[in-house]
>>> print(open('upload.cif').read())   # mmCIF, C-alpha atoms
data_run
#
loop_
_atom_site.label_atom_id
_atom_site.label_comp_id
_atom_site.auth_asym_id
_atom_site.auth_seq_id
_atom_site.Cartn_x
_atom_site.Cartn_y
_atom_site.Cartn_z
CA MET A 1 117.87 12.35 168.16
CA SER A 2 115.99 12.43 171.46
CA ILE A 3 115.47 15.99 172.66
CA LYS A 4 114.83 16.31 176.39
CA LEU A 5 115.51 20.04 176.84
CA ILE A 6 114.87 23.10 174.64
CA ALA A 7 116.95 26.15 175.65
CA MET A 8 116.05 29.40 173.92
CA ASP A 9 117.54 32.85 173.67
CA LEU A 10 115.01 35.66 174.13
CA ASP A 11 115.54 38.67 171.87
CA GLY A 12 115.45 37.81 168.18
CA THR A 13 114.74 34.16 168.96
CA LEU A 14 111.85 33.28 171.27
CA LEU A 15 110.63 36.89 171.24
CA ASN A 16 109.65 38.57 167.99
CA SER A 17 110.53 42.16 167.11
CA GLN A 18 107.68 43.37 169.32
CA LYS A 19 109.26 41.49 172.25
CA ILE A 20 106.41 39.01 172.56
CA ILE A 21 106.02 35.25 172.04
CA THR A 22 103.86 34.46 169.02
CA PRO A 23 100.81 32.20 169.55
CA ARG A 24 102.17 29.48 167.26
CA THR A 25 105.48 29.33 169.10
CA PHE A 26 103.73 29.32 172.47
CA ALA A 27 101.51 26.44 171.36
CA ALA A 28 104.52 24.45 170.13
CA LEU A 29 106.25 24.90 173.47
CA GLN A 30 103.21 23.65 175.36
CA ALA A 31 102.98 20.63 173.07
CA ALA A 32 106.65 19.86 173.77
CA LYS A 33 106.01 20.10 177.50
CA GLU A 34 103.11 17.68 177.19
CA ARG A 35 105.59 15.17 175.78
CA GLY A 36 107.77 15.52 178.86
CA ILE A 37 110.36 17.84 177.31
CA TYR A 38 111.90 20.54 179.50
CA ILE A 39 111.85 24.11 178.18
CA THR A 40 113.83 27.06 179.48
CA ILE A 41 115.40 30.44 178.70
CA ALA A 42 119.08 31.12 177.92
CA THR A 43 119.59 34.88 177.66
CA GLY A 44 122.05 37.69 178.14
CA ARG A 45 119.38 39.55 180.08
CA MET A 46 119.18 39.68 183.87
CA TYR A 47 117.43 37.07 186.01
CA MET A 48 114.22 39.05 186.44
CA ALA A 49 113.56 39.18 182.68
CA ALA A 50 114.51 35.55 182.15
CA ALA A 51 112.28 34.44 185.03
CA TYR A 52 109.37 36.53 183.74
CA PHE A 53 109.32 34.83 180.34
CA ALA A 54 110.12 31.45 181.88
CA LYS A 55 107.00 31.74 184.00
CA MET A 56 105.01 32.82 180.95
CA ILE A 57 105.90 29.66 179.02
CA GLY A 58 105.79 27.43 182.07
CA ALA A 59 109.46 26.48 182.12
CA GLN A 60 109.98 23.52 184.44
CA VAL A 61 113.71 24.01 185.08
CA PRO A 62 116.07 26.88 186.07
CA VAL A 63 116.86 29.66 183.61
CA ILE A 64 120.26 30.56 182.17
CA CYS A 65 120.79 34.33 182.30
CA CYS A 66 123.55 36.95 182.24
CA ASN A 67 125.05 35.09 179.25
CA GLY A 68 125.62 31.98 181.33
CA GLY A 69 126.90 33.72 184.45
CA LEU A 70 123.82 32.77 186.47
CA VAL A 71 121.68 29.62 186.39
CA ARG A 72 118.78 29.90 188.79
CA GLY A 73 115.32 28.59 189.50
CA ASP A 74 113.23 30.16 192.25
CA ALA A 75 114.73 33.47 193.40
CA ALA A 76 114.25 32.34 197.01
CA GLN A 77 116.58 29.38 196.47
CA PRO A 78 120.37 29.39 195.97
CA PRO A 79 121.52 29.49 192.34
CA ILE A 80 122.51 26.32 190.52
CA PHE A 81 125.56 28.15 189.17
CA VAL A 82 126.93 31.67 189.48
CA LYS A 83 130.16 33.29 188.36
CA CYS A 84 130.97 36.80 189.54
CA TYR A 85 133.65 39.35 188.78
CA LYS A 86 136.51 39.88 191.14
CA GLU A 87 135.39 42.96 193.02
CA SER A 88 138.55 44.86 192.09
CA VAL A 89 137.84 44.29 188.39
CA ALA A 90 134.19 45.32 188.69
CA ARG A 91 135.30 48.52 190.41
CA GLU A 92 137.83 49.31 187.69
CA VAL A 93 135.40 48.65 184.84
CA LEU A 94 132.63 50.72 186.37
CA ALA A 95 135.06 53.53 187.22
CA GLU A 96 136.08 53.58 183.55
CA CYS A 97 132.44 53.79 182.53
CA TYR A 98 131.75 56.68 184.89
CA LYS A 99 134.94 58.48 183.83
CA ASN A 100 133.97 58.31 180.15
CA ASP A 101 130.27 58.94 180.77
CA TRP A 102 129.33 55.57 179.28
CA TYR A 103 125.92 54.41 180.40
CA ALA A 104 126.47 51.21 182.36
CA GLN A 105 124.09 48.82 184.07
CA TRP A 106 125.19 45.86 186.14
CA TYR A 107 123.65 42.81 187.73
CA ILE A 108 124.09 41.55 191.29
CA ASP A 109 122.09 38.44 192.13
CA THR A 110 118.51 39.23 190.94
CA GLN A 111 118.92 43.02 190.94
CA ILE A 112 119.93 45.58 188.30
CA TYR A 113 121.90 48.75 189.06
CA ALA A 114 122.80 51.89 187.11
CA LYS A 115 123.69 55.52 187.77
CA ASP A 116 120.16 56.55 186.83
CA PHE A 117 117.15 55.16 185.00
CA ARG A 118 116.88 56.16 181.34
CA PRO A 119 113.74 54.64 179.78
CA ASP A 120 115.11 54.92 176.24
CA MET A 121 117.91 52.53 177.18
CA PHE A 122 115.52 49.75 178.16
CA GLY A 123 113.20 49.36 175.20
CA SER A 124 113.66 45.57 175.24
CA TYR A 125 112.15 45.49 178.73
CA ARG A 126 108.90 47.12 177.69
CA THR A 127 107.04 43.81 177.71
CA VAL A 128 108.39 42.73 181.11
CA GLU A 129 106.12 43.50 184.05
CA GLY A 130 107.63 44.62 187.33
CA PHE A 131 110.89 45.95 185.90
CA ASN A 132 112.75 47.84 188.62
CA LEU A 133 116.18 49.46 188.48
CA ASN A 134 118.28 50.52 191.46
CA ALA A 135 119.57 54.03 190.66
CA VAL A 136 122.78 54.56 192.66
CA GLY A 137 123.92 57.94 191.34
CA ASP A 138 127.66 58.40 191.79
CA ASP A 139 127.84 55.92 194.67
CA PHE A 140 128.67 52.93 192.44
CA LEU A 141 131.55 51.76 194.66
CA SER A 142 128.99 50.62 197.25
CA TYR A 143 127.57 48.17 194.70
CA THR A 144 130.51 46.26 193.26
CA LYS A 145 130.50 43.02 195.25
CA ASP A 146 129.30 39.87 193.44
CA VAL A 147 128.69 41.58 190.09
CA ILE A 148 127.69 38.95 187.52
CA GLN A 149 127.55 41.05 184.35
CA ILE A 150 128.08 44.64 183.20
CA VAL A 151 126.32 46.09 180.17
CA ILE A 152 127.38 49.29 178.44
CA ARG A 153 124.83 51.06 176.24
CA ASP A 154 125.32 53.74 173.61
CA LYS A 155 122.54 54.76 171.23
CA ASP A 156 124.81 57.02 169.15
CA GLY A 157 126.87 54.39 167.38
CA GLY A 158 129.76 54.24 169.80
CA VAL A 159 129.46 50.65 171.00
CA ALA A 160 132.09 49.19 168.66
CA ALA A 161 134.72 51.73 169.71
CA ILE A 162 133.85 51.32 173.39
CA THR A 163 134.11 47.55 173.05
CA GLU A 164 137.59 47.72 171.54
CA LYS A 165 138.79 50.08 174.24
CA ILE A 166 137.40 47.83 176.97
CA ARG A 167 138.84 44.73 175.31
CA ALA A 168 142.32 46.27 175.18
CA GLN A 169 142.28 47.80 178.66
CA PHE A 170 140.85 44.75 180.45
CA SER A 171 142.30 41.93 178.38
CA GLY A 172 142.01 38.62 180.22
CA LEU A 173 139.80 40.13 182.93
CA LEU A 174 136.50 40.04 181.06
CA ASP A 175 134.88 38.87 177.83
CA PRO A 176 132.89 41.35 175.71
CA GLN A 177 129.87 39.86 173.98
CA GLN A 178 128.36 42.39 171.60
CA ASN A 179 124.93 41.19 170.61
CA THR A 180 123.31 44.47 169.53
CA ASP A 181 124.47 47.64 167.87
CA ILE A 182 123.62 49.71 170.95
CA SER A 183 125.02 47.59 173.76
CA VAL A 184 127.88 45.32 174.76
CA ASP A 185 127.66 42.67 177.48
CA LEU A 186 130.76 42.23 179.64
CA THR A 187 131.04 38.90 181.43
CA PRO A 188 133.76 37.43 183.65
CA PRO A 189 136.38 35.65 181.52
CA GLY A 190 135.37 32.27 180.15
CA ILE A 191 131.66 32.77 180.76
CA ASN A 192 129.18 32.13 177.96
CA LYS A 193 125.83 30.43 177.49
CA ALA A 194 127.47 27.04 176.90
CA VAL A 195 128.97 27.22 180.40
CA GLY A 196 125.57 27.98 181.87
CA LEU A 197 123.92 25.28 179.79
CA LYS A 198 126.44 22.69 180.95
CA ALA A 199 125.77 23.65 184.57
CA LEU A 200 122.05 23.18 183.99
CA LEU A 201 122.57 19.83 182.27
CA ASP A 202 124.73 18.61 185.15
CA HIS A 203 121.95 19.63 187.53
CA LEU A 204 119.35 17.75 185.48
CA ASN A 205 121.62 14.78 184.73
CA LEU A 206 121.22 15.31 180.99
CA ARG A 207 123.75 15.18 178.13
CA SER A 208 124.49 17.87 175.58
CA ASP A 209 123.20 15.62 172.78
CA GLU A 210 119.77 15.73 174.44
CA VAL A 211 119.49 19.51 174.03
CA MET A 212 117.99 21.69 171.32
CA ALA A 213 119.49 25.19 171.63
CA CYS A 214 118.03 28.18 169.78
CA GLY A 215 119.64 31.56 169.18
CA ASP A 216 120.43 34.41 166.83
CA GLY A 217 123.40 36.41 168.12
CA ASP A 218 127.13 36.22 168.72
CA ASN A 219 126.48 35.54 172.40
CA ASP A 220 124.66 32.35 171.31
CA LEU A 221 127.55 30.85 169.32
CA ALA A 222 129.10 28.78 172.10
CA MET A 223 125.70 27.39 173.09
CA LEU A 224 124.76 26.58 169.50
CA GLU A 225 128.02 24.71 169.03
CA TYR A 226 127.77 22.89 172.37
CA ALA A 227 124.20 21.61 172.06
CA GLY A 228 123.50 18.33 170.32
CA PHE A 229 121.04 20.06 168.00
CA SER A 230 120.93 23.79 167.37
CA VAL A 231 118.63 26.18 165.57
CA ALA A 232 119.25 29.72 164.34
CA THR A 233 116.42 32.03 163.38
CA GLY A 234 116.24 33.50 159.89
CA ASN A 235 117.09 36.92 161.31
CA ALA A 236 120.24 35.59 163.03
CA LEU A 237 123.78 36.82 162.42
CA ASP A 238 125.63 34.87 159.74
CA GLN A 239 127.97 33.44 162.38
CA ALA A 240 125.02 32.04 164.31
CA LYS A 241 123.54 30.50 161.15
CA GLN A 242 126.88 28.86 160.40
CA ALA A 243 127.18 27.51 163.94
CA ALA A 244 123.65 26.06 163.96
CA ASP A 245 122.55 22.72 162.56
CA VAL A 246 119.49 24.26 160.92
CA VAL A 247 118.11 27.70 160.13
CA THR A 248 114.42 28.27 160.70
CA ASP A 249 112.20 31.22 159.78
CA THR A 250 112.61 34.60 161.46
CA CYS A 251 111.40 35.43 164.94
CA ASP A 252 108.55 37.37 163.31
CA GLN A 253 107.53 34.31 161.27
CA ASP A 254 107.12 31.82 164.15
CA GLY A 255 110.65 30.51 163.55
CA ILE A 256 111.13 28.73 166.87
CA GLY A 257 107.60 27.36 166.88
CA LYS A 258 108.09 25.92 163.39
CA ALA A 259 111.42 24.39 164.37
CA ILE A 260 109.88 22.70 167.40
CA GLU A 261 107.03 21.38 165.27
CA ARG A 262 109.37 20.02 162.63
CA TYR A 263 112.28 18.66 164.63
CA VAL A 264 110.79 17.85 168.05
CA LEU A 265 107.09 17.23 167.51
CA LYS A 266 107.82 16.06 163.94
CA ASN A 267 104.44 17.16 162.63
CA GLY A 268 105.23 20.52 161.10
CA SER A 269 106.62 22.02 157.92
CA PHE A 270 107.98 25.37 156.88
#
>>> encode(input="upload.cif", output="structure tokens")
Amino acid sequence: MSIKLIAMDLDGTLLNSQKIITPRTFAALQAAKERGIYITIATGRMYMAAAYFAKMIGAQVPVICCNGGLVRGDAAQPPIFVKCYKESVAREVLAECYKNDWYAQWYIDTQIYAKDFRPDMFGSYRTVEGFNLNAVGDDFLSYTKDVIQIVIRDKDGGVAAITEKIRAQFSGLLDPQQNTDISVDLTPPGINKAVGLKALLDHLNLRSDEVMACGDGDNDLAMLEYAGFSVATGNALDQAKQAADVVTDTCDQDGIGKAIERYVLKNGSF
């Protein structure tokens, strides 16, 4: 096995429960870079968050964000890959959210939009500097062109029911990816992290068997199965553990750092 790229999910994988990268994991990533191995982010989050952590670890290649819907390096340059909703579908989905008073956020290029900013809905962004949301009020129809991903949030336990309603109403027009108990990510049909990873590999002229993919959630399954070597954290969903080649320690126990040491640097142990 010759790993040339390490692609990592953020929440529950690269980031611990405090939404930071542990020193041991950071050191392992730098050691991998010194050996000429590319490192990057593959997340359901928007570009700004992916780029922030990519800069922090010194990623040398574009990030995969919006669950594979956007692969991008420098924000000033065109994306490597982007897949957007049909505008008519984005309008219908957002109209349904507004009608039912579901809190929705959506991504267009590098920007995030929502009816209003509710800090309690963005706890995972607390360690990201420069977070900025465009509050559009009721004028959402002016912001429905080139939507890459829609996220619905509900902190009162309603996500599962919302997901089923969306799945039934918009069957074939979008793919729900529920990776937390308070939110559901809605991507254009057929989009997942494996699609984004393949686009990145084509750009870098690499093969899937040269990739180590790391994740913990249901939105990581396709990527874990596609990569030549895959790692699930100890806190991962059972489905992710089953899809991965190996299971490392939890994100709070330096899981990704230990996996890099053991399987890439080959000088570590659990």
>>> atom_distance(input="upload.cif", atom1="atom CA of Val63 of chain A", atom2="atom CA of Asp109 of chain A")
13.3 Å
>>> closest_residue(input="upload.cif", among="A:Ala243, A:Ile80, A:Ile57, A:Leu206", to="Asn219 of chain A", atoms="only C-alpha atoms")
A:Ala243
>>> residues_around(input="upload.cif", residues="Trp102 of chain A", least_positions_apart="4", cutoff="7 Å", atoms="all atoms listed in the file", output="list in words")
Cys97, Tyr98 and Ile152 of chain A
>>> resolve_selection(input="upload.cif", expression="the PyMOL selection byres ((chain A and resi 190-196) around 9)", output="PDB file with C-alpha atoms, in the frame of the given file")
ATOM      1  CA  ALA A  42     119.080  31.120 177.920  1.00  0.00           C
ATOM      2  CA  THR A  43     119.590  34.880 177.660  1.00  0.00           C
ATOM      3  CA  GLY A  44     122.050  37.690 178.140  1.00  0.00           C
ATOM      4  CA  ILE A  64     120.260  30.560 182.170  1.00  0.00           C
ATOM      5  CA  CYS A  65     120.790  34.330 182.300  1.00  0.00           C
ATOM      6  CA  CYS A  66     123.550  36.950 182.240  1.00  0.00           C
ATOM      7  CA  ASN A  67     125.050  35.090 179.250  1.00  0.00           C
ATOM      8  CA  GLY A  68     125.620  31.980 181.330  1.00  0.00           C
ATOM      9  CA  GLY A  69     126.900  33.720 184.450  1.00  0.00           C
ATOM     10  CA  LEU A  70     123.820  32.770 186.470  1.00  0.00           C
ATOM     11  CA  VAL A  71     121.680  29.620 186.390  1.00  0.00           C
ATOM     12  CA  PHE A  81     125.560  28.150 189.170  1.00  0.00           C
ATOM     13  CA  VAL A  82     126.930  31.670 189.480  1.00  0.00           C
ATOM     14  CA  LYS A  83     130.160  33.290 188.360  1.00  0.00           C
ATOM     15  CA  LEU A 174     136.500  40.040 181.060  1.00  0.00           C
ATOM     16  CA  ASP A 175     134.880  38.870 177.830  1.00  0.00           C
ATOM     17  CA  GLN A 177     129.870  39.860 173.980  1.00  0.00           C
ATOM     18  CA  THR A 187     131.040  38.900 181.430  1.00  0.00           C
ATOM     19  CA  PRO A 188     133.760  37.430 183.650  1.00  0.00           C
ATOM     20  CA  PRO A 189     136.380  35.650 181.520  1.00  0.00           C
ATOM     21  CA  LEU A 197     123.920  25.280 179.790  1.00  0.00           C
ATOM     22  CA  LYS A 198     126.440  22.690 180.950  1.00  0.00           C
ATOM     23  CA  ALA A 199     125.770  23.650 184.570  1.00  0.00           C
ATOM     24  CA  LEU A 200     122.050  23.180 183.990  1.00  0.00           C
ATOM     25  CA  LEU A 201     122.570  19.830 182.270  1.00  0.00           C
ATOM     26  CA  ASN A 219     126.480  35.540 172.400  1.00  0.00           C
ATOM     27  CA  ASP A 220     124.660  32.350 171.310  1.00  0.00           C
ATOM     28  CA  LEU A 221     127.550  30.850 169.320  1.00  0.00           C
ATOM     29  CA  ALA A 222     129.100  28.780 172.100  1.00  0.00           C
ATOM     30  CA  MET A 223     125.700  27.390 173.090  1.00  0.00           C
ATOM     31  CA  LEU A 224     124.760  26.580 169.500  1.00  0.00           C
ATOM     32  CA  GLU A 225     128.020  24.710 169.030  1.00  0.00           C
ATOM     33  CA  TYR A 226     127.770  22.890 172.370  1.00  0.00           C
ATOM     34  CA  ALA A 227     124.200  21.610 172.060  1.00  0.00           C
TER      35      ALA A 227
END
>>> resolve_selection(input="upload.cif", expression="the PyMOL selection byres ((chain A and resi 145) around 9)", output="list in words")
Cys84, Tyr85, Lys86, Glu87, Ser88, Ala90, Arg91, Ile108, Leu141, Ser142, Tyr143, Thr144, Asp146 and Val147 of chain A
>>> residues_around(input="upload.cif", residues="Ile150 of chain A", least_positions_apart="3", cutoff="8 Å", atoms="all atoms listed in the file", output="PDB file with C-alpha atoms, keeping the file's coordinate frame")
ATOM      1  CA  ALA A 104     126.470  51.210 182.360  1.00  0.00           C
ATOM      2  CA  GLN A 105     124.090  48.820 184.070  1.00  0.00           C
ATOM      3  CA  TRP A 106     125.190  45.860 186.140  1.00  0.00           C
ATOM      4  CA  TYR A 107     123.650  42.810 187.730  1.00  0.00           C
ATOM      5  CA  VAL A 147     128.690  41.580 190.090  1.00  0.00           C
ATOM      6  CA  ASP A 185     127.660  42.670 177.480  1.00  0.00           C
ATOM      7  CA  LEU A 186     130.760  42.230 179.640  1.00  0.00           C
ATOM      8  CA  THR A 187     131.040  38.900 181.430  1.00  0.00           C
TER       9      THR A 187
END
>>> closest_residue(input="upload.cif", among="A:Glu261, A:Val159, A:Gln178, A:Ile112", to="Ala27 of chain A", atoms="all atoms listed in the file")
A:Glu261
>>> closest_residue(input="upload.cif", among="A:Gly73, A:Gly137, A:Gly123, A:Gly58", to="Lys155 of chain A", atoms="only C-alpha atoms")
A:Gly123
